[in-house]
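Visitor: Dropping in work31.tsv, with TSV, C-alpha atoms.
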chain	number	residue	atom	x	y	z
A	674	MET	CA	117.42	85.61	82.81
A	675	LYS	CA	114.70	88.25	82.50
A	676	SER	CA	112.22	86.53	84.85
A	677	LEU	CA	113.00	86.17	88.54
A	678	THR	CA	111.39	85.96	91.96
A	679	ILE	CA	112.15	88.19	94.91
A	680	LEU	CA	111.36	86.51	98.21
A	681	GLY	CA	110.41	89.06	100.86
A	682	GLY	CA	108.59	92.37	101.12
A	683	GLY	CA	110.81	94.73	103.10
A	684	ASN	CA	112.89	97.80	102.27
A	685	THR	CA	115.46	96.26	99.94
A	686	ALA	CA	113.06	93.70	98.47
A	687	PHE	CA	110.72	96.46	97.32
A	688	ALA	CA	113.56	98.65	96.05
A	689	ALA	CA	115.10	95.75	94.09
A	690	ALA	CA	111.76	94.64	92.67
A	691	ALA	CA	110.90	98.15	91.50
A	692	ASN	CA	114.33	98.91	90.08
A	693	LEU	CA	114.52	95.64	88.16
A	694	SER	CA	110.94	95.98	86.87
A	695	LEU	CA	111.67	99.45	85.54
A	696	ARG	CA	114.73	98.00	83.81
A	697	GLY	CA	112.65	95.43	81.95
A	698	PHE	CA	112.76	92.40	84.23
A	699	ARG	CA	109.62	90.30	84.83
A	700	VAL	CA	109.49	90.32	88.63
A	701	THR	CA	107.45	88.16	90.97
A	702	ILE	CA	107.35	89.12	94.65
A	703	CYS	CA	106.68	86.16	96.95
A	704	GLU	CA	106.12	87.13	100.58
A	705	HIS	CA	105.65	84.86	103.58
A	706	PRO	CA	101.94	84.41	104.41
A	707	ASP	CA	102.48	85.99	107.84
A	708	PHE	CA	103.26	89.28	106.07
A	709	ALA	CA	100.68	89.15	103.29
A	710	HIS	CA	99.50	92.64	104.27
A	711	THR	CA	102.70	94.18	102.86
A	712	LEU	CA	101.60	93.27	99.33
A	713	GLU	CA	98.13	94.81	99.44
A	714	PRO	CA	99.18	98.48	98.93
A	715	VAL	CA	101.25	97.44	95.90
A	716	ARG	CA	98.37	95.46	94.46
A	717	ALA	CA	95.94	98.33	95.07
A	718	GLY	CA	98.27	100.97	93.63
A	719	GLY	CA	99.36	99.04	90.58
A	720	GLY	CA	103.01	98.78	91.50
A	721	ILE	CA	105.85	100.27	93.57
A	722	VAL	CA	106.89	103.90	93.22
A	723	LEU	CA	110.70	104.18	93.18
A	724	ASP	CA	112.80	107.31	93.58
A	725	GLY	CA	116.50	108.00	94.12
A	726	VAL	CA	119.71	107.38	92.22
A	727	ALA	CA	118.68	104.30	90.20
A	728	ALA	CA	115.55	103.88	88.02
A	729	ARG	CA	112.56	106.09	88.87
A	730	GLY	CA	108.83	105.80	88.42
A	731	ARG	CA	105.93	103.48	89.22
A	732	ALA	CA	107.10	99.94	88.62
A	733	PRO	CA	104.54	97.29	87.68
A	734	ILE	CA	105.08	93.93	89.40
A	735	HIS	CA	104.29	90.87	87.29
A	736	ALA	CA	102.94	88.81	90.20
A	737	LEU	CA	102.37	89.28	93.92
A	738	THR	CA	101.86	86.10	95.90
A	739	THR	CA	102.19	84.29	99.21
A	740	ASP	CA	101.88	80.90	97.47
A	741	PHE	CA	105.40	79.49	97.32
A	742	ARG	CA	104.41	76.94	94.67
A	743	GLU	CA	103.59	79.88	92.40
A	744	GLY	CA	106.46	82.05	93.60
A	745	LEU	CA	109.12	79.44	92.89
A	746	GLN	CA	108.21	78.95	89.22
A	747	ASN	CA	111.23	81.02	88.18
A	748	ASP	CA	114.73	79.51	88.17
A	749	LEU	CA	116.39	82.51	89.85
A	750	LEU	CA	115.26	83.33	93.40
A	751	LEU	CA	116.55	86.36	95.34
A	752	LEU	CA	115.88	86.07	99.08
A	753	ILE	CA	115.98	89.62	100.49
A	754	VAL	CA	114.92	89.40	104.13
A	755	PRO	CA	116.53	89.85	107.56
A	756	ALA	CA	118.67	86.93	108.70
A	757	TYR	CA	116.11	85.92	111.33
A	758	ALA	CA	113.64	85.30	108.47
A	759	HIS	CA	115.93	82.86	106.68
A	760	ARG	CA	114.58	79.89	108.62
A	761	PRO	CA	110.84	80.49	107.98
A	762	PHE	CA	111.55	81.16	104.30
A	763	ALA	CA	113.69	78.02	104.05
A	764	LEU	CA	110.86	75.95	105.50
A	765	ALA	CA	108.33	77.58	103.15
A	766	CYS	CA	110.58	77.05	100.12
A	767	ALA	CA	111.62	73.48	100.94
A	768	PRO	CA	108.68	71.61	99.33
A	769	TYR	CA	109.02	73.50	96.03
A	770	LEU	CA	112.77	73.82	95.42
A	771	ARG	CA	113.78	71.79	92.39
A	772	GLU	CA	116.63	71.01	90.04
A	773	GLY	CA	117.80	74.17	88.28
A	774	HIS	CA	116.94	76.59	91.08
A	775	THR	CA	119.54	79.15	92.11
A	776	LEU	CA	118.64	80.87	95.39
A	777	VAL	CA	120.69	83.91	96.47
A	778	LEU	CA	120.53	85.41	99.98
A	779	LEU	CA	121.10	89.18	99.88
A	780	PRO	CA	122.94	89.36	102.23
A	781	GLY	CA	123.64	86.01	103.86
A	782	THR	CA	126.13	86.21	106.77
A	783	LEU	CA	126.64	82.42	106.49
A	784	GLY	CA	122.90	81.94	105.98
A	785	THR	CA	123.47	79.62	103.03
A	786	LEU	CA	124.87	77.08	105.50
A	787	GLU	CA	121.79	77.23	107.74
A	788	PHE	CA	119.55	77.09	104.67
A	789	HIS	CA	121.46	74.01	103.44
A	790	THR	CA	121.08	72.34	106.84
A	791	LEU	CA	117.32	72.97	107.02
A	792	LEU	CA	116.76	71.67	103.49
A	793	ARG	CA	118.84	68.59	104.23
A	794	GLU	CA	116.78	67.94	107.37
A	795	LYS	CA	113.66	68.11	105.17
A	796	GLY	CA	115.12	65.40	102.97
A	797	ARG	CA	115.67	67.57	99.90
A	798	ASP	CA	118.21	66.54	97.27
A	799	LEU	CA	120.64	69.46	97.21
A	800	SER	CA	122.90	68.14	94.45
A	801	ARG	CA	121.03	70.11	91.75
A	802	ILE	CA	120.14	73.22	93.75
A	803	THR	CA	122.59	76.11	94.05
A	804	LEU	CA	122.60	78.30	97.16
A	805	ALA	CA	124.49	81.58	97.27
A	806	GLU	CA	124.84	84.71	99.38
A	807	THR	CA	126.23	88.22	99.11
A	808	ASP	CA	128.25	90.19	101.64
A	809	THR	CA	125.89	93.17	101.68
A	810	ALA	CA	122.59	94.40	100.28
A	811	PRO	CA	122.78	95.90	96.77
A	812	TYR	CA	121.41	99.30	97.79
A	813	VAL	CA	121.25	101.77	100.63
A	814	CYS	CA	117.48	102.23	100.59
A	815	ARG	CA	114.27	102.49	102.59
A	816	LYS	CA	110.55	102.15	102.09
A	817	LEU	CA	109.04	105.61	102.38
A	818	THR	CA	105.40	104.52	102.26
A	819	PRO	CA	103.74	101.08	102.00
A	820	ASP	CA	104.03	101.22	98.18
A	821	SER	CA	107.14	103.35	97.60
A	822	ALA	CA	110.90	103.15	98.14
A	823	HIS	CA	113.93	105.41	97.81
A	824	ILE	CA	117.48	104.36	96.84
A	825	TRP	CA	120.19	106.65	98.22
A	826	GLY	CA	123.12	104.64	96.92
A	827	VAL	CA	124.06	101.60	94.87
A	828	VAL	CA	126.82	99.23	96.01
A	829	SER	CA	129.46	99.11	93.30
A	830	ALA	CA	131.08	95.83	94.43
A	831	LEU	CA	128.64	93.17	95.57
A	832	GLY	CA	130.64	90.20	96.89
A	833	LEU	CA	129.25	86.74	96.07
A	834	GLY	CA	129.83	83.37	97.72
A	835	VAL	CA	128.31	80.20	96.27
A	836	LEU	CA	127.55	76.74	97.69
A	837	PRO	CA	128.95	74.68	96.10
A	838	ALA	CA	131.84	76.94	95.13
A	839	SER	CA	132.16	75.02	91.86
A	840	GLU	CA	128.98	76.86	90.73
A	841	THR	CA	130.48	80.32	91.32
A	842	GLY	CA	131.09	81.24	87.69
A	843	ARG	CA	127.64	80.20	86.52
A	844	THR	CA	125.93	82.04	89.38
A	845	ARG	CA	127.92	85.22	88.76
A	846	ASP	CA	126.87	85.10	85.10
A	847	LEU	CA	123.20	84.95	86.18
A	848	LEU	CA	123.63	88.09	88.30
A	849	ARG	CA	125.82	90.15	85.96
A	850	SER	CA	123.05	92.22	84.39
A	851	ILE	CA	120.88	92.30	87.52
A	852	PHE	CA	123.25	94.10	89.87
A	853	THR	CA	125.26	96.84	88.20
A	854	VAL	CA	127.51	99.61	89.46
A	855	ASP	CA	124.89	102.31	88.92
A	856	GLY	CA	121.77	100.19	89.41
A	857	LEU	CA	120.80	100.92	85.80
A	858	GLY	CA	122.93	98.61	83.67
A	859	GLY	CA	124.19	98.87	80.12
A	860	PRO	CA	123.56	96.57	77.16
A	861	ASP	CA	123.05	93.19	78.82
A	862	GLY	CA	124.96	94.61	81.82
A	863	GLU	CA	128.13	92.95	80.53
A	864	ASP	CA	130.46	95.90	81.14
A	865	ASN	CA	128.72	97.29	84.20
A	866	SER	CA	128.51	94.38	86.61
A	867	ALA	CA	128.83	95.08	90.33
A	868	VAL	CA	129.24	91.40	91.21
A	869	SER	CA	132.64	90.10	92.36
A	870	CYS	CA	133.35	86.62	93.68
A	871	TYR	CA	134.74	85.19	96.90
A	872	GLY	CA	136.37	81.80	97.03
A	873	ASN	CA	133.48	80.26	98.97
A	874	VAL	CA	130.55	81.04	101.28
A	875	PHE	CA	132.74	81.09	104.41
A	876	GLU	CA	134.86	83.90	103.00
A	877	CYS	CA	131.73	85.77	101.90
A	878	GLY	CA	129.89	85.29	105.21
A	879	LEU	CA	132.89	86.60	107.15
A	880	SER	CA	133.08	89.67	104.91
A	881	ALA	CA	129.74	91.26	105.89
A	882	MET	CA	130.22	94.78	107.22
A	883	ASN	CA	126.94	95.42	109.06
A	884	PRO	CA	127.84	93.27	112.10
A	885	VAL	CA	131.22	95.00	112.31
A	886	VAL	CA	129.78	98.52	112.40
A	887	HIS	CA	126.21	98.43	113.71
A	888	PRO	CA	126.49	96.76	117.15
A	889	PRO	CA	129.36	98.90	118.50
A	890	GLY	CA	127.89	101.99	116.85
A	891	VAL	CA	124.41	101.53	118.32
A	892	LEU	CA	125.53	100.41	121.77
A	893	MET	CA	128.05	103.24	122.15
A	894	ASN	CA	125.29	105.70	121.13
A	895	ALA	CA	122.56	103.98	123.16
A	896	GLY	CA	121.69	107.00	125.32
A	897	ARG	CA	121.44	109.30	122.33
A	898	VAL	CA	119.36	106.80	120.33
A	899	GLU	CA	116.81	106.47	123.14
A	900	TYR	CA	116.76	110.16	124.12
A	901	SER	CA	116.41	111.52	120.58
A	902	ARG	CA	114.46	108.54	119.21
A	903	GLY	CA	116.99	108.36	116.42
A	904	ASP	CA	116.85	112.02	115.47
A	905	PHE	CA	120.47	112.27	114.38
A	906	TYR	CA	122.60	111.09	111.47
A	907	PHE	CA	124.03	107.76	112.61
A	908	TYR	CA	127.16	107.57	110.49
A	909	GLU	CA	127.99	111.27	110.23
A	910	GLU	CA	127.39	112.09	113.91
A	911	GLY	CA	127.50	108.76	115.72
A	912	VAL	CA	130.55	107.04	114.23
A	913	THR	CA	133.17	109.18	115.97
A	914	PRO	CA	136.89	108.39	116.20
A	915	GLY	CA	136.33	106.49	119.48
A	916	VAL	CA	133.52	104.44	117.95
A	917	CYS	CA	135.78	103.77	114.96
A	918	ASN	CA	138.41	102.37	117.31
A	919	ALA	CA	135.87	99.91	118.74
A	920	ILE	CA	134.81	98.94	115.22
A	921	TYR	CA	138.44	98.28	114.31
A	922	GLY	CA	138.67	95.99	117.37
A	923	VAL	CA	135.69	93.91	116.20
A	924	ASP	CA	137.18	93.86	112.73
A	925	ARG	CA	140.51	92.47	113.94
A	926	GLU	CA	138.70	89.54	115.55
A	927	ARG	CA	136.68	88.92	112.38
A	928	ARG	CA	139.84	88.82	110.29
A	929	GLN	CA	141.51	86.45	112.77
A	930	VAL	CA	138.61	84.02	112.33
A	931	GLY	CA	139.01	84.33	108.58
A	932	ARG	CA	142.74	83.76	108.84
A	933	ALA	CA	142.09	80.45	110.63
A	934	LEU	CA	140.38	79.29	107.42
A	935	GLY	CA	143.14	80.65	105.19
A	936	PHE	CA	141.49	83.95	104.18
A	937	GLU	CA	143.05	87.40	104.24
A	938	LEU	CA	139.90	89.49	104.60
A	939	SER	CA	139.84	93.19	103.76
A	940	VAL	CA	140.11	95.64	106.66
A	941	VAL	CA	136.77	97.34	107.34
A	942	ASP	CA	137.78	100.74	105.92
A	943	GLU	CA	139.08	99.17	102.72
A	944	ALA	CA	135.94	97.03	102.45
A	945	PHE	CA	133.74	100.14	102.68
A	946	PHE	CA	135.83	101.82	99.98
A	947	LEU	CA	135.81	98.81	97.65
A	948	ALA	CA	132.01	98.51	97.94
A	949	GLY	CA	131.69	102.12	96.83
A	950	PHE	CA	130.41	103.58	100.09
A	951	GLY	CA	133.01	106.31	100.34
A	952	PRO	CA	136.55	107.47	99.49
A	953	ARG	CA	139.65	105.50	100.46
A	954	GLY	CA	141.07	106.40	103.87
A	955	ASP	CA	140.72	105.43	107.49
A	956	LEU	CA	137.21	104.42	108.57
A	957	TRP	CA	136.22	107.84	109.89
A	958	SER	CA	137.30	109.52	106.65
A	959	THR	CA	135.59	106.92	104.45
A	960	ILE	CA	132.29	107.16	106.32
A	961	ASN	CA	132.26	110.93	106.61
A	962	GLY	CA	133.07	111.21	102.92
A	963	SER	CA	130.18	108.94	101.95
A	964	ARG	CA	127.30	110.63	100.14
A	965	MET	CA	124.95	107.72	100.84
A	966	LEU	CA	125.84	106.78	104.44
A	967	THR	CA	125.82	110.32	105.82
A	968	GLN	CA	122.17	110.67	104.76
A	969	LEU	CA	121.00	107.83	107.03
A	970	ARG	CA	119.40	108.61	110.38
A	971	ALA	CA	119.94	106.45	113.42
A	972	PRO	CA	117.40	103.79	114.44
A	973	GLY	CA	114.61	105.17	116.63
A	974	GLU	CA	115.13	102.63	119.41
A	975	LEU	CA	117.60	100.01	120.59
A	976	ASN	CA	115.27	97.17	119.58
A	977	THR	CA	116.38	97.40	115.97
A	978	ARG	CA	117.70	95.01	113.33
A	979	TRP	CA	121.10	96.66	113.84
A	980	LEU	CA	121.20	94.71	117.11
A	981	THR	CA	118.54	91.97	116.88
A	982	GLU	CA	119.95	90.77	113.54
A	983	ASP	CA	123.59	91.84	113.50
A	984	VAL	CA	124.39	90.57	117.00
A	985	PRO	CA	123.09	86.95	116.95
A	986	TYR	CA	123.42	86.36	113.19
A	987	GLY	CA	126.65	88.29	112.74
A	988	LEU	CA	128.80	88.59	115.85
A	989	GLY	CA	127.31	85.49	117.48
A	990	ALA	CA	127.88	83.39	114.37
A	991	TRP	CA	131.46	84.59	113.93
A	992	SER	CA	132.20	84.03	117.61
A	993	SER	CA	130.83	80.47	117.43
A	994	LEU	CA	132.93	79.76	114.33
A	995	GLY	CA	135.94	81.31	116.07
A	996	ARG	CA	135.55	79.00	119.09
A	997	HIS	CA	135.20	76.05	116.72
A	998	LEU	CA	138.52	77.04	115.08
A	999	GLY	CA	140.31	77.93	118.33
A	1000	VAL	CA	140.17	81.72	117.83
A	1001	ALA	CA	139.24	83.95	120.79
A	1002	THR	CA	136.77	86.80	120.15
A	1003	PRO	CA	136.49	88.66	123.49
A	1004	LEU	CA	135.21	91.96	122.04
A	1005	MET	CA	132.51	90.23	120.00
A	1006	ASP	CA	131.52	88.22	123.06
A	1007	GLY	CA	131.36	91.40	125.15
A	1008	LEU	CA	129.10	93.13	122.61
A	1009	VAL	CA	126.81	90.08	122.53
A	1010	ALA	CA	126.58	90.22	126.33
A	1011	LEU	CA	126.04	93.99	126.38
A	1012	ALA	CA	123.33	93.86	123.72
A	1013	SER	CA	121.65	91.02	125.64
A	1014	ALA	CA	121.62	93.09	128.83
A	1015	ALA	CA	120.39	96.25	127.07
A	1016	LEU	CA	117.48	94.52	125.33
A	1017	GLY	CA	116.74	91.88	127.99
A	1018	GLU	CA	117.26	89.05	125.53
A	1019	ASP	CA	119.81	86.23	125.52
A	1020	PHE	CA	121.45	86.68	122.15
A	1021	ARG	CA	124.00	83.99	122.87
A	1022	ALA	CA	121.18	81.45	123.09
A	1023	SER	CA	119.62	82.67	119.82
A	1024	SER	CA	122.89	83.01	117.90
A	1025	ARG	CA	123.55	81.26	114.61
A	1026	THR	CA	126.00	78.65	115.92
A	1027	VAL	CA	128.14	76.10	114.11
A	1028	ARG	CA	125.55	73.50	115.11
A	1029	ARG	CA	122.77	75.47	113.42
A	1030	LEU	CA	125.04	75.88	110.42
A	1031	GLY	CA	125.45	72.09	110.24
A	1032	ILE	CA	129.25	72.15	110.53
A	1033	ALA	CA	129.83	71.34	114.21
A	1034	GLY	CA	131.75	68.12	113.57
A	1035	MET	CA	133.98	69.36	110.76
A	1036	GLY	CA	137.67	70.21	110.91
A	1037	ARG	CA	139.24	72.96	108.83
A	1038	GLY	CA	139.92	70.71	105.83
A	1039	GLN	CA	136.41	69.27	105.92
A	1040	LEU	CA	134.89	72.77	106.10
A	1041	LEU	CA	136.74	73.87	102.99
A	1042	ARG	CA	135.93	70.68	101.06
A	1043	PHE	CA	132.25	71.04	101.98
A	1044	ALA	CA	132.28	74.65	100.80
A	1045	GLU	CA	133.78	73.59	97.47
A	1046	THR	CA	131.55	70.60	96.72
A	1047	GLY	CA	128.42	71.08	98.87
A	1048	GLU	CA	128.75	67.47	99.95
A	1049	MET	CA	128.71	66.58	103.65
A	1050	PRO	CA	131.72	64.60	104.93
A	1051	GLU	CA	131.00	60.95	105.68
Represent the structure from my file as structure tokens, please.
Guide:
Amino acid sequence: MKSLTILGGGNTAFAAAANLSLRGFRVTICEHPDFAHTLEPVRAGGGIVLDGVAARGRAPIHALTTDFREGLQNDLLLLIVPAYAHRPFALACAPYLREGHTLVLLPGTLGTLEFHTLLREKGRDLSRITLAETDTAPYVCRKLTPDSAHIWGVVSALGLGVLPASETGRTRDLLRSIFTVDGLGGPDGEDNSAVSCYGNVFECGLSAMNPVVHPPGVLMNAGRVEYSRGDFYFYEEGVTPGVCNAIYGVDRERRQVGRALGFELSVVDEAFFLAGFGPRGDLWSTINGSRMLTQLRAPGELNTRWLTEDVPYGLGAWSSLGRHLGVATPLMDGLVALASAALGEDFRASSRTVRRLGIAGMGRGQLLRFAETGEMPE
């Protein structure tokens, strides 16, 4: 699978497109028409300049387009956008998705379920289309200029959940040589794969770490974020022992929701270690020992994806699923309320709920059967 399409034009989309191009992949970038301007600097400059710990150099991009008919010619589609862009991309993709397509959300946070619901509402036959998501982005990276990106670190264990779960093995095989432990790959990537598999998309979506860490970290550093405009190192300076305690509290609620579905999810510190972010230890030790995380500055304002994405699409989604399963999540609910007050926006109203995920009427057994087969209960 040497030809693929990356849907999106942000930090990780550009970094992935450049890295894969420099490694010999034929990459198409398909951006939503509303953001067509992001492609112009790449078109004018003849590619994306990549620096950092993976491949380096100016990467030519095979095709740059906002035409989804053209963009979806490849069988493998990597959707690398914020969670709040999943819906517009689903609607743009819907007319052109076909048998044989595999579409992977990097990351998803249960987004495959919302994507599935939107496609079903559009009358698409989903029996021959595979949807999948990962638990995190493949790199710690940023755009530095409109046509360049830098990769500080490569995730060494990229968790994958597939809908239907019966397609997990085939989907993992597609991604083996694309995402590797060093971002560079070996011969065919066979012995260097960073992709590991969850049992289903529920287990994967509940294993995302950004919603566990970002909302308590940003809100407990709100004064410093606004005063300094983000001029401090978020993880190294902002994730103190007290902030770690709050993160552990969110994490306990997340794992309780997972337990209601029969999953024993990794504790947040172990999850960070297993993904390759830092050494094994408690959360403070793992984060402060991380070469990649300690290089990241804080957001420059509170109105950041670390709240506007991770609260409604992470904490809000998990809280809604928890209520559906009879699990209380008071700390998550409190952070949703606090973020709403701080930003003057009702994140509870905009959260990714079980209704938006298309699973509101399903019991535990029906949820797990749906995850395995992709077929809605009658």
Visitor: Residues of segment 725-833 of chain A that approach segment 1020-1025 of chain A to 12 Å or less, counting only C-alpha atoms: could you list each one with the shortest pair of atoms and its distance in Å to one decimal, rows by chain and increasing residue number, as JSON lines?
Guide:
{"residue": "A:Ala756", "atom": "CA", "partner": "A:Arg1025", "partner_atom": "CA", "distance": 9.5}
{"residue": "A:Tyr757", "atom": "CA", "partner": "A:Arg1025", "partner_atom": "CA", "distance": 9.4}
{"residue": "A:His759", "atom": "CA", "partner": "A:Arg1025", "partner_atom": "CA", "distance": 11.1}
{"residue": "A:Arg760", "atom": "CA", "partner": "A:Arg1025", "partner_atom": "CA", "distance": 10.9}
{"residue": "A:Gly781", "atom": "CA", "partner": "A:Arg1025", "partner_atom": "CA", "distance": 11.8}
{"residue": "A:Thr782", "atom": "CA", "partner": "A:Arg1025", "partner_atom": "CA", "distance": 9.6}
{"residue": "A:Leu783", "atom": "CA", "partner": "A:Arg1025", "partner_atom": "CA", "distance": 8.8}
{"residue": "A:Gly784", "atom": "CA", "partner": "A:Arg1025", "partner_atom": "CA", "distance": 8.7}
{"residue": "A:Thr785", "atom": "CA", "partner": "A:Arg1025", "partner_atom": "CA", "distance": 11.7}
{"residue": "A:Leu786", "atom": "CA", "partner": "A:Arg1025", "partner_atom": "CA", "distance": 10.1}
{"residue": "A:Glu787", "atom": "CA", "partner": "A:Arg1025", "partner_atom": "CA", "distance": 8.2}
{"residue": "A:Phe788", "atom": "CA", "partner": "A:Arg1025", "partner_atom": "CA", "distance": 11.5}
Visitor: Please report the interatomic distance between atom CA of Gly832 of chain A and atom CA of Gly951 of chain A in Å with one decimal.
Guide: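 Atom CA of Gly832 of chain A sits 16.6 Å away from atom CA of Gly951 of chain A.
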Visitor: Quick one: pull the distance between atom CA of Gly890 of chain A and atom CA of Pro1003 of chain A, Å, one decimal.
Guide: 17.2 Å
Visitor: Taking all atoms listed in the file into account, name the residue in A:Gly995, A:Ala919, A:Leu892, A:Pro972 that is nearest to Arg932 of chain A.
Guide: A:Gly995
Visitor: Using only C-alpha atoms, which of A:Pro733, A:Gly903, A:Gly725, A:Gly773 sits nearest Trp825 of chain A?
Guide: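 Closest candidate: A:Gly725.
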Visitor: Any chance you could tabulate, as CSV, the residues of segment 814-910 of chain A at most 7 Å from segment 796-810 of chain A with each one's nearest atom pair and distance in Å to one decimal, using only C-alpha atoms, in chain and rising number order?
Guide:
residue,atom,partner,partner_atom,distance
A:Leu831,CA,A:Thr807,CA,6.5
A:Gly832,CA,A:Asp808,CA,5.3
A:Leu833,CA,A:Thr807,CA,4.5
A:Gly834,CA,A:Glu806,CA,5.4
A:Val835,CA,A:Ala805,CA,4.2
A:Leu836,CA,A:Leu804,CA,5.2
A:Pro837,CA,A:Thr803,CA,6.8
A:Cys877,CA,A:Asp808,CA,5.6
A:Gly878,CA,A:Asp808,CA,6.3
A:Ser880,CA,A:Asp808,CA,5.9
A:Ala881,CA,A:Asp808,CA,4.6
Visitor: Keeping only C-alpha atoms, write the selected residues as a compact mmCIF listing (two decimals), in the frame of the given file.
Guide:
# COMPACT_ATOMS: atom_id res chain seq x y z
CA LEU A 831 128.64 93.17 95.57
CA GLY A 832 130.64 90.20 96.89
CA LEU A 833 129.25 86.74 96.07
CA GLY A 834 129.83 83.37 97.72
CA VAL A 835 128.31 80.20 96.27
CA LEU A 836 127.55 76.74 97.69
CA PRO A 837 128.95 74.68 96.10
CA CYS A 877 131.73 85.77 101.90
CA GLY A 878 129.89 85.29 105.21
CA SER A 880 133.08 89.67 104.91
CA ALA A 881 129.74 91.26 105.89
Visitor: Compile the contact shell of Val828 of chain A as a list in words: residues with an atom at most 10 Å away, counting only C-alpha atoms, same-chain residues fewer than 2 positions apart removed.
Guide: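 Within the cut-off, the hits are Thr809, Ala810, Pro811, Tyr812, Val813, Gly826, Ala830, Leu831, Gly832, Phe852, Thr853, Val854, Asp855, Gly856, Ala867, Val868, Phe945, Leu947, Ala948, Gly949, Phe950 and Met965 of chain A.
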Visitor: Place a sphere of radius 12 Å on (130.3, 114.3, 105.1) in the file coordinates and name every protein, DNA or RNA residue with an atom inside or on its surface, counting all atoms listed in the file; give the answer as JSON, numbers by chain.
Guide: {"A": [906, 907, 908, 909, 910, 912, 950, 951, 952, 957, 958, 959, 960, 961, 962, 963, 964, 965, 966, 967, 968, 969]}
Visitor: Thr790 of chain A: which residues within 8 Å, counting only C-alpha atoms, same-chain residues fewer than 5 positions away excluded, as number ranges by chain?
Guide: A: 1029-1031
Visitor: Could you tell me how far atom CA of Ile679 of chain A sits from atom CA of Val827 of chain A, in Å to one decimal place?
Guide: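 Distance between the two atoms: 17.9 Å.
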Visitor: Please determine the residues with any atom at most 7 Å from (134.9, 66.1, 106.5) (coordinates as given in the file, with all atoms listed in the file counting) and report them as a PyMOL selection string.
Guide: chain A and resi 1035-1036+1038-1040+1049-1051
Visitor: Give one line per residue of segment 863-963 of chain A that approaches segment 977-986 of chain A to at most 8 Å, naming the two atoms of the closest pair and their distance in Å to one decimal, counting all atoms listed in the file; sort by chain then ascending residue number and deliver it as a Markdown table.
Guide:
| residue | atom | partner | partner_atom | distance |
| --- | --- | --- | --- | --- |
| A:Asn883 | CA | A:Asp983 | CA | 6.6 |
| A:Pro884 | CA | A:Asp983 | CA | 4.7 |
| A:His887 | CA | A:Trp979 | CA | 5.4 |
| A:Pro888 | CA | A:Leu980 | CA | 5.7 |
| A:Val891 | CA | A:Trp979 | CA | 7.4 |
Visitor: Can you work out which one of A:Gly872, A:Leu1041, A:Val1009, A:Leu988 has the shortest atom-to-atom distance to Leu934 of chain A, counting all atoms listed in the file?
Guide: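 Result for the nearest residue to Leu934 of chain A: A:Leu1041.
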Visitor: For Pro889 of chain A, which residue out of A:Cys917, A:Cys703, A:Leu779, A:Leu693 is the nearest one, using only C-alpha atoms?
Guide: A:Cys917
Visitor: Using only C-alpha atoms, which residue out of A:His789, A:Arg849, A:Arg729, A:Arg742 lies closest to His705 of chain A?
Guide: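 The closest residue to His705 of chain A is A:Arg742.
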Visitor: Of the candidates A:Arg731, A:Lys675, A:Lys816, A:His823, which one gets nearest to Thr711 of chain A if we count all atoms listed in the file?
Guide: A:Lys816
Visitor: Counting only C-alpha atoms, what is within 12 Å of Leu749 of chain A, bar same-chain residues fewer than 3 positions away, as a VMD selection string?
Guide: chain A and resid 674 to 680 698 to 701 744 to 746 752 770 to 778 802 to 805 843 to 848 851
Visitor: Can I get segment 978-987 of chain A with N, CA and C atoms filled in, as a PDB file, keeping the file's coordinate frame?
Guide:
ATOM      1  N   ARG A 978     116.965  96.063 114.048  1.00  0.00           N
ATOM      2  CA  ARG A 978     117.700  95.010 113.330  1.00  0.00           C
ATOM      3  C   ARG A 978     119.208  95.178 113.489  1.00  0.00           C
ATOM      4  N   TRP A 979     119.655  96.425 113.720  1.00  0.00           N
ATOM      5  CA  TRP A 979     121.100  96.660 113.840  1.00  0.00           C
ATOM      6  C   TRP A 979     121.665  95.960 115.080  1.00  0.00           C
ATOM      7  N   LEU A 980     120.790  95.565 115.995  1.00  0.00           N
ATOM      8  CA  LEU A 980     121.200  94.710 117.110  1.00  0.00           C
ATOM      9  C   LEU A 980     120.562  93.325 117.014  1.00  0.00           C
ATOM     10  N   THR A 981     119.239  93.259 116.822  1.00  0.00           N
ATOM     11  CA  THR A 981     118.540  91.970 116.880  1.00  0.00           C
ATOM     12  C   THR A 981     118.939  91.047 115.740  1.00  0.00           C
ATOM     13  N   GLU A 982     119.445  91.591 114.640  1.00  0.00           N
ATOM     14  CA  GLU A 982     119.950  90.770 113.540  1.00  0.00           C
ATOM     15  C   GLU A 982     121.471  90.682 113.570  1.00  0.00           C
ATOM     16  N   ASP A 983     122.137  91.832 113.666  1.00  0.00           N
ATOM     17  CA  ASP A 983     123.590  91.840 113.500  1.00  0.00           C
ATOM     18  C   ASP A 983     124.344  91.256 114.686  1.00  0.00           C
ATOM     19  N   VAL A 984     123.708  91.195 115.863  1.00  0.00           N
ATOM     20  CA  VAL A 984     124.390  90.570 117.000  1.00  0.00           C
ATOM     21  C   VAL A 984     124.308  89.044 116.929  1.00  0.00           C
ATOM     22  N   PRO A 985     123.109  88.420 116.941  1.00  0.00           N
ATOM     23  CA  PRO A 985     123.090  86.950 116.950  1.00  0.00           C
ATOM     24  C   PRO A 985     123.485  86.319 115.620  1.00  0.00           C
ATOM     25  N   TYR A 986     123.159  86.968 114.496  1.00  0.00           N
ATOM     26  CA  TYR A 986     123.420  86.360 113.190  1.00  0.00           C
ATOM     27  C   TYR A 986     124.738  86.817 112.587  1.00  0.00           C
ATOM     28  N   GLY A 987     125.339  87.837 113.176  1.00  0.00           N
ATOM     29  CA  GLY A 987     126.650  88.290 112.740  1.00  0.00           C
ATOM     30  C   GLY A 987     127.703  87.970 113.767  1.00  0.00           C
TER      31      GLY A 987
END
